$ cat query-v1.txt   # compact mmCIF, C-alpha atoms
# COMPACT_ATOMS: atom_id res chain seq x y z
CA MET F 1 -23.28 -3.19 14.69
CA SER F 2 -20.77 -0.42 15.28
CA GLU F 3 -17.42 -0.25 13.54
CA MET F 4 -15.54 -1.09 16.74
CA GLY F 5 -17.79 -4.09 17.36
CA HIS F 6 -17.43 -5.35 13.82
CA TYR F 7 -13.65 -5.22 13.47
CA LYS F 8 -12.23 -6.86 16.53
CA PHE F 9 -9.46 -9.35 17.10
CA SER F 10 -10.33 -12.98 17.83
CA ASN F 11 -8.34 -16.15 18.35
CA LYS F 12 -9.33 -17.38 14.88
CA VAL F 13 -7.27 -14.61 13.26
CA ILE F 14 -4.19 -16.46 14.55
CA ALA F 15 -5.48 -20.02 14.98
CA ILE F 16 -6.82 -20.59 11.44
CA PRO F 17 -3.62 -19.49 9.61
CA LEU F 18 -1.54 -21.48 12.11
CA LEU F 19 -3.64 -24.60 11.51
CA ALA F 20 -3.31 -24.17 7.75
CA MET F 21 0.48 -23.90 8.02
CA ILE F 22 0.65 -26.98 10.25
CA LEU F 23 -1.38 -28.98 7.72
CA ILE F 24 0.66 -28.15 4.62
CA TRP F 25 3.99 -28.50 6.44
CA GLY F 26 2.78 -31.73 8.06
CA VAL F 27 1.98 -33.26 4.69
CA TYR F 28 5.40 -32.32 3.33
CA TRP F 29 7.10 -33.73 6.45
CA LEU F 30 5.10 -36.96 5.98
CA GLU F 31 6.37 -37.24 2.41
CA LEU F 32 9.97 -36.87 3.55
CA THR F 33 9.54 -39.29 6.45
CA LEU F 34 7.88 -42.01 4.40
CA GLY F 35 10.00 -41.38 1.32
CA VAL F 36 6.93 -41.04 -0.90
CA ASN F 37 5.63 -38.49 -3.36
CA PHE F 38 2.03 -37.30 -3.18
CA ASN F 39 2.09 -35.46 -6.52
CA GLU F 40 -0.23 -38.04 -8.06
CA PHE F 41 -2.95 -36.82 -5.70
CA GLY F 42 -2.89 -33.42 -7.38
CA VAL F 43 -5.30 -32.18 -10.04
CA MET F 44 -4.99 -34.10 -13.29
CA PRO F 45 -7.15 -32.15 -15.75
CA ARG F 46 -10.10 -33.81 -17.43
CA THR F 47 -9.62 -37.23 -15.83
CA LEU F 48 -12.03 -38.85 -13.42
CA LEU F 49 -9.31 -39.85 -10.96
CA GLY F 50 -7.62 -36.47 -11.25
CA ILE F 51 -10.66 -34.64 -9.91
CA ARG F 52 -9.75 -35.79 -6.41
CA GLY F 53 -6.95 -33.26 -6.57
CA VAL F 54 -9.53 -30.46 -6.33
CA VAL F 55 -9.65 -31.16 -2.59
CA LEU F 56 -6.22 -32.71 -2.00
CA SER F 57 -3.87 -30.58 -4.11
CA PRO F 58 -3.74 -27.54 -1.75
CA PHE F 59 -1.94 -29.71 0.83
CA ILE F 60 0.74 -31.01 -1.55
CA HIS F 61 3.92 -29.17 -2.55
CA GLY F 62 6.74 -30.20 -4.84
CA SER F 63 9.69 -28.68 -2.97
CA LEU F 64 10.71 -26.86 0.17
CA GLU F 65 10.99 -23.59 -1.78
CA HIS F 66 7.51 -24.07 -3.19
CA LEU F 67 6.16 -24.68 0.32
CA TYR F 68 8.02 -21.76 1.88
CA ASN F 69 6.87 -19.25 -0.75
CA ASN F 70 3.23 -20.20 -0.23
CA THR F 71 3.31 -20.34 3.57
CA ILE F 72 3.83 -16.64 4.31
CA SER F 73 1.26 -15.42 1.79
CA LEU F 74 -1.30 -17.95 2.99
CA ALA F 75 -0.87 -16.90 6.63
CA ILE F 76 -1.18 -13.17 5.93
CA LEU F 77 -4.21 -13.46 3.67
CA LEU F 78 -6.06 -15.88 5.95
CA SER F 79 -5.50 -13.54 8.90
CA ALA F 80 -6.85 -10.60 6.89
CA LEU F 81 -9.84 -12.65 5.76
CA TRP F 82 -10.78 -13.70 9.30
CA TYR F 83 -10.32 -10.23 10.70
CA PHE F 84 -12.25 -8.24 8.10
CA TYR F 85 -14.67 -10.87 6.71
CA ARG F 86 -15.07 -13.36 9.53
CA ASP F 87 -18.78 -13.93 8.85
CA VAL F 88 -18.07 -15.33 5.36
CA ALA F 89 -14.49 -16.56 5.83
CA TRP F 90 -15.24 -20.29 5.85
CA LYS F 91 -17.51 -19.90 2.84
CA VAL F 92 -14.77 -18.11 0.88
CA VAL F 93 -12.15 -20.74 1.75
CA LEU F 94 -14.28 -23.82 1.04
CA TYR F 95 -15.92 -22.51 -2.12
CA GLY F 96 -12.58 -21.05 -3.18
CA ILE F 97 -10.83 -24.41 -2.98
CA LEU F 98 -13.60 -26.24 -4.83
CA LEU F 99 -14.24 -23.70 -7.60
CA SER F 100 -10.60 -22.84 -8.30
CA GLY F 101 -9.68 -26.52 -8.28
CA PHE F 102 -12.50 -27.37 -10.66
CA LEU F 103 -11.48 -24.57 -13.05
CA THR F 104 -7.93 -25.90 -12.99
CA TRP F 105 -9.27 -29.37 -13.74
CA MET F 106 -11.14 -27.97 -16.74
CA ILE F 107 -8.51 -25.72 -18.34
CA GLY F 108 -5.21 -27.13 -17.07
CA ARG F 109 -2.46 -28.81 -19.05
CA THR F 110 -2.06 -32.57 -18.85
CA SER F 111 0.09 -32.55 -15.75
CA TYR F 112 -0.32 -32.80 -12.00
CA HIS F 113 -1.26 -29.40 -10.52
CA ILE F 114 -0.37 -29.11 -6.84
CA GLY F 115 0.06 -26.45 -4.19
CA VAL F 116 -2.02 -24.00 -2.15
CA SER F 117 -1.26 -21.12 -4.52
CA GLY F 118 -4.70 -21.48 -6.10
CA LEU F 119 -6.30 -20.67 -2.75
CA ILE F 120 -3.84 -17.81 -2.24
CA TYR F 121 -5.03 -16.27 -5.50
CA VAL F 122 -8.62 -16.77 -4.38
CA LEU F 123 -7.94 -14.88 -1.14
CA ALA F 124 -5.96 -12.05 -2.73
CA SER F 125 -8.56 -11.59 -5.47
CA PHE F 126 -11.52 -11.75 -3.07
CA ILE F 127 -10.03 -9.28 -0.57
CA PHE F 128 -9.08 -6.84 -3.31
CA PHE F 129 -12.35 -6.84 -5.26
CA LYS F 130 -14.59 -7.05 -2.19
CA GLY F 131 -12.98 -3.93 -0.78
CA ILE F 132 -13.43 -2.06 -4.05
CA PHE F 133 -17.05 -3.19 -4.43
CA SER F 134 -17.92 -2.21 -0.84
CA SER F 135 -16.55 1.37 -1.14
CA TYR F 136 -15.99 1.24 2.63
CA PHE F 137 -12.83 3.17 3.45
CA ARG F 138 -11.19 0.51 5.66
CA LEU F 139 -11.78 -2.26 3.13
CA VAL F 140 -10.62 -0.09 0.23
CA ALA F 141 -7.43 0.60 2.19
CA LEU F 142 -7.01 -3.15 2.68
CA SER F 143 -7.43 -3.63 -1.08
CA LEU F 144 -4.66 -1.13 -1.74
CA ILE F 145 -2.38 -2.94 0.71
CA VAL F 146 -3.04 -6.23 -1.09
CA VAL F 147 -2.17 -4.60 -4.41
CA PHE F 148 1.00 -3.13 -2.94
CA ILE F 149 2.19 -6.46 -1.49
CA TYR F 150 0.84 -8.96 -4.01
CA GLY F 151 0.35 -6.92 -7.17
CA SER F 152 3.19 -8.73 -8.92
CA MET F 153 1.27 -11.99 -8.55
CA LEU F 154 -0.98 -10.88 -11.38
CA TRP F 155 1.67 -11.78 -13.95
CA TYR F 156 1.55 -15.42 -12.92
CA ILE F 157 -2.00 -15.95 -14.12
CA PHE F 158 -0.34 -16.03 -17.55
CA PRO F 159 2.11 -18.70 -18.81
CA VAL F 160 5.24 -16.67 -18.06
CA LYS F 161 7.17 -19.33 -16.14
CA GLU F 162 7.61 -22.93 -17.16
CA GLY F 163 6.70 -25.53 -14.57
CA MET F 164 4.30 -23.20 -12.76
CA SER F 165 0.57 -23.89 -12.77
CA TRP F 166 -0.65 -20.60 -14.19
CA GLU F 167 -3.99 -22.34 -14.80
CA GLY F 168 -4.39 -22.81 -11.05
CA HIS F 169 -3.51 -19.16 -10.47
CA LEU F 170 -5.98 -18.02 -13.11
CA GLY F 171 -8.68 -20.28 -11.66
CA GLY F 172 -8.05 -18.82 -8.19
CA PHE F 173 -8.09 -15.24 -9.46
CA LEU F 174 -11.41 -15.70 -11.30
CA THR F 175 -12.92 -17.56 -8.36
CA GLY F 176 -11.99 -14.74 -5.96
CA LEU F 177 -13.58 -12.19 -8.28
CA PHE F 178 -16.73 -14.29 -8.55
CA LEU F 179 -17.01 -14.77 -4.78
CA ALA F 180 -16.42 -11.06 -4.16
CA LYS F 181 -19.41 -10.36 -6.37
CA VAL F 182 -21.86 -12.96 -5.07
CA VAL F 183 -20.93 -13.49 -1.40
CA LYS F 184 -22.63 -10.96 0.85
CA ALA F 185 -20.47 -9.87 3.78
CA ARG F 186 -21.58 -7.64 6.66
CA ILE F 187 -20.10 -4.17 6.52
CA PRO F 188 -20.54 -1.63 9.34
CA PRO F 189 -22.68 1.37 8.42
CA THR F 190 -20.74 4.39 7.25
CA LYS F 191 -20.90 7.23 9.75
CA LYS F 192 -22.63 10.31 8.33
CA TYR F 193 -21.95 13.78 9.62
CA GLU F 194 -24.79 16.21 10.15
CA TRP F 195 -23.94 18.16 7.00
CA GLU F 196 -24.20 14.95 4.93
CA LYS F 197 -27.80 14.23 5.94
CA LYS F 198 -30.66 15.14 3.63
CA ASP F 199 -32.56 17.14 6.26
CA PHE F 200 -29.53 19.31 7.10
CA LYS F 201 -30.28 23.05 7.21
CA GLU F 202 -27.38 25.48 7.13
CA GLU F 203 -29.22 28.16 9.07
CA ASP F 204 -29.67 25.80 12.05
CA ASP F 205 -25.99 24.84 12.21
CA LEU F 206 -24.26 26.51 15.16
CA PHE F 207 -20.84 26.50 13.50
CA LEU F 208 -22.06 28.13 10.28
CA GLN F 209 -23.82 30.81 12.32
CA HIS F 210 -20.37 32.17 13.19
CA PHE F 211 -19.97 33.42 9.61
CA ASP F 212 -21.79 36.30 8.00
CA GLU F 213 -23.01 36.43 4.41
CA ASN F 214 -19.53 37.49 3.27
CA GLY F 215 -17.81 34.58 4.96
CA ASN F 216 -16.31 36.68 7.75
CA PHE F 217 -16.01 35.10 11.18
CA ARG F 218 -17.97 36.68 13.98
CA GLU F 219 -18.50 35.91 17.62
CA LEU F 220 -22.00 34.89 18.60
CA PRO F 221 -23.50 36.48 21.70
CA THR F 222 -23.34 34.33 24.80
CA GLU F 223 -26.24 33.61 27.14
CA GLU F 224 -24.83 36.14 29.64
CA ASP F 225 -24.79 38.83 26.98
CA ILE F 226 -28.36 38.05 26.05
CA ASP F 227 -29.45 38.14 29.71
CA GLU F 228 -27.72 41.48 30.26
CA GLU F 229 -29.40 42.96 27.20
CA SER F 230 -32.78 41.70 28.30
CA ASN F 231 -32.33 43.26 31.79
CA LEU F 232 -31.03 46.55 30.47
CA LYS F 233 -33.50 49.41 30.77
CA ILE F 234 -33.25 52.66 28.88
CA ASN F 235 -35.05 55.74 30.25
CA TYR F 236 -35.77 58.67 27.96
CA ILE F 237 -36.26 62.20 29.31
CA PHE F 238 -38.29 64.46 27.10
CA LYS F 239 -37.71 68.19 27.49
CA GLU F 240 -39.52 70.80 25.45
CA ASN F 241 -37.63 73.77 24.09
CA SER F 242 -38.64 77.00 25.81
CA GLU F 243 -39.48 80.01 23.76
CA ASN F 244 -36.63 82.01 25.29
CA GLU F 245 -33.99 79.57 24.20
CA SER F 246 -32.03 80.70 21.26
CA LYS F 247 -32.13 78.67 18.12
CA ILE F 248 -29.04 78.08 16.04

$ encode --input "query-v1.txt" --output "structure tokens"
Amino acid sequence: MSEMGHYKFSNKVIAIPLLAMILIWGVYWLELTLGVNFNEFGVMPRTLLGIRGVVLSPFIHGSLEHLYNNTISLAILLSALWYFYRDVAWKVVLYGILLSGFLTWMIGRTSYHIGVSGLIYVLASFIFFKGIFSSYFRLVALSLIVVFIYGSMLWYIFPVKEGMSWEGHLGGFLTGLFLAKVVKARIPPTKKYEWEKKDFKEEDDLFLQHFDENGNFRELPTEEDIDEESNLKINYIFKENSENESKI
């Protein structure tokens, strides 16, 4: 598959992030409408009932600020995932939610861990490391963009802010790294120029023929010049010296 055929826009690049935003905002609206709190459906580490939060916690948020901060990052990263890695996008999202949630369940403090930030760390980590591992110039550029925009997120995998689930962030970061290593995504073949191929011979290259052994540029003869030279005839007239001619 060519590069242009591989990276092309589809409706999913917009539809999937939009659906995700509708879901998390819908759950928060439902909490406000019913006057209930869904925090108890979050991840409660090392409890049998709390493991349900592995699946449910990404849809639950504690405040409007919490929800707003996660919404923009989730939309951008999901769009990037579906555009550049559409063949493995669902796999990354589903496995990312399950693995990061399970890690949070294992290492988290005794408290309810909620929010989609774990998945956000999965996406940011996967996109960054997958681009670096691929060595493909477009994906490496995407990795650098992720670092530029979300590089400060790295601090929050450590307990630097009270009340924030750094365990969920750490679980998402490690999960993204793991998936970047094991999930195989299709990458378009890198275009090779003639001079990069193993069977390239400098003497057969038309461009290099314009330079002499000293590196000086020279014009190559055209087909017309060659034809003129081939049609050119030179006649020699031989005349013997006579004995009466004086010699100098």

$ residues_around --input "query-v1.txt" --residues "F:Leu67" --least-positions-apart "6" --cutoff "9 Å" --atoms "all atoms listed in the file" --output "NGL selection string"
:F and (24-25 or 28 or 60-61 or 115-116)

$ atom_distance --input "query-v1.txt" --atom1 "atom CA of F:Phe129" --atom2 "atom CA of F:Ser143"
7.2 Å

$ closest_residue --input "query-v1.txt" --among "F:Val146, F:Ala20, F:Ile127, F:Ile157" --to "F:Tyr85" --atoms "only C-alpha atoms"
F:Ile127

$ closest_residue --input "query-v1.txt" --among "F:Pro17, F:Pro58, F:Pro189, F:Gly108" --to "F:Gly96" --atoms "all atoms listed in the file"
F:Pro58

$ residues_around --input "query-v1.txt" --residues "stretch 162-164 of chain F" --least-positions-apart "4" --cutoff "10 Å" --atoms "all atoms listed in the file" --output "PyMOL selection string"
chain F and resi 111+113-114+156-158+168-169

$ residues_near_point --input "query-v1.txt" --point "(-3.6, -18.5, 4.3)" --cutoff "8 Å" --atoms "only C-alpha atoms" --output "ChimeraX atom specification"
/F:17,20-21,71-79,119-120,123

$ closest_residue --input "query-v1.txt" --among "F:Leu174, F:Leu30, F:Val55, F:Ala141" --to "F:Gly42" --atoms "all atoms listed in the file"
F:Val55

$ atom_distance --input "query-v1.txt" --atom1 "atom CA of F:Leu18" --atom2 "atom CA of F:Leu99"
23.6 Å

$ atom_distance --input "query-v1.txt" --atom1 "atom CA of F:Val93" --atom2 "atom CA of F:Leu144"
21.3 Å

$ closest_residue --input "query-v1.txt" --among "F:Glu167, F:Met106, F:Arg218, F:Ile145" --to "F:Leu48" --atoms "only C-alpha atoms"
F:Met106

$ closest_residue --input "query-v1.txt" --among "F:Ala80, F:Val43, F:Gly171, F:Ala185" --to "F:Thr110" --atoms "only C-alpha atoms"
F:Val43

$ residues_around --input "query-v1.txt" --residues "F:Leu98" --least-positions-apart "3" --cutoff "7 Å" --atoms "all atoms listed in the file" --output "JSON, numbers by chain"
{"F": [54, 55, 94, 95, 101, 102]}
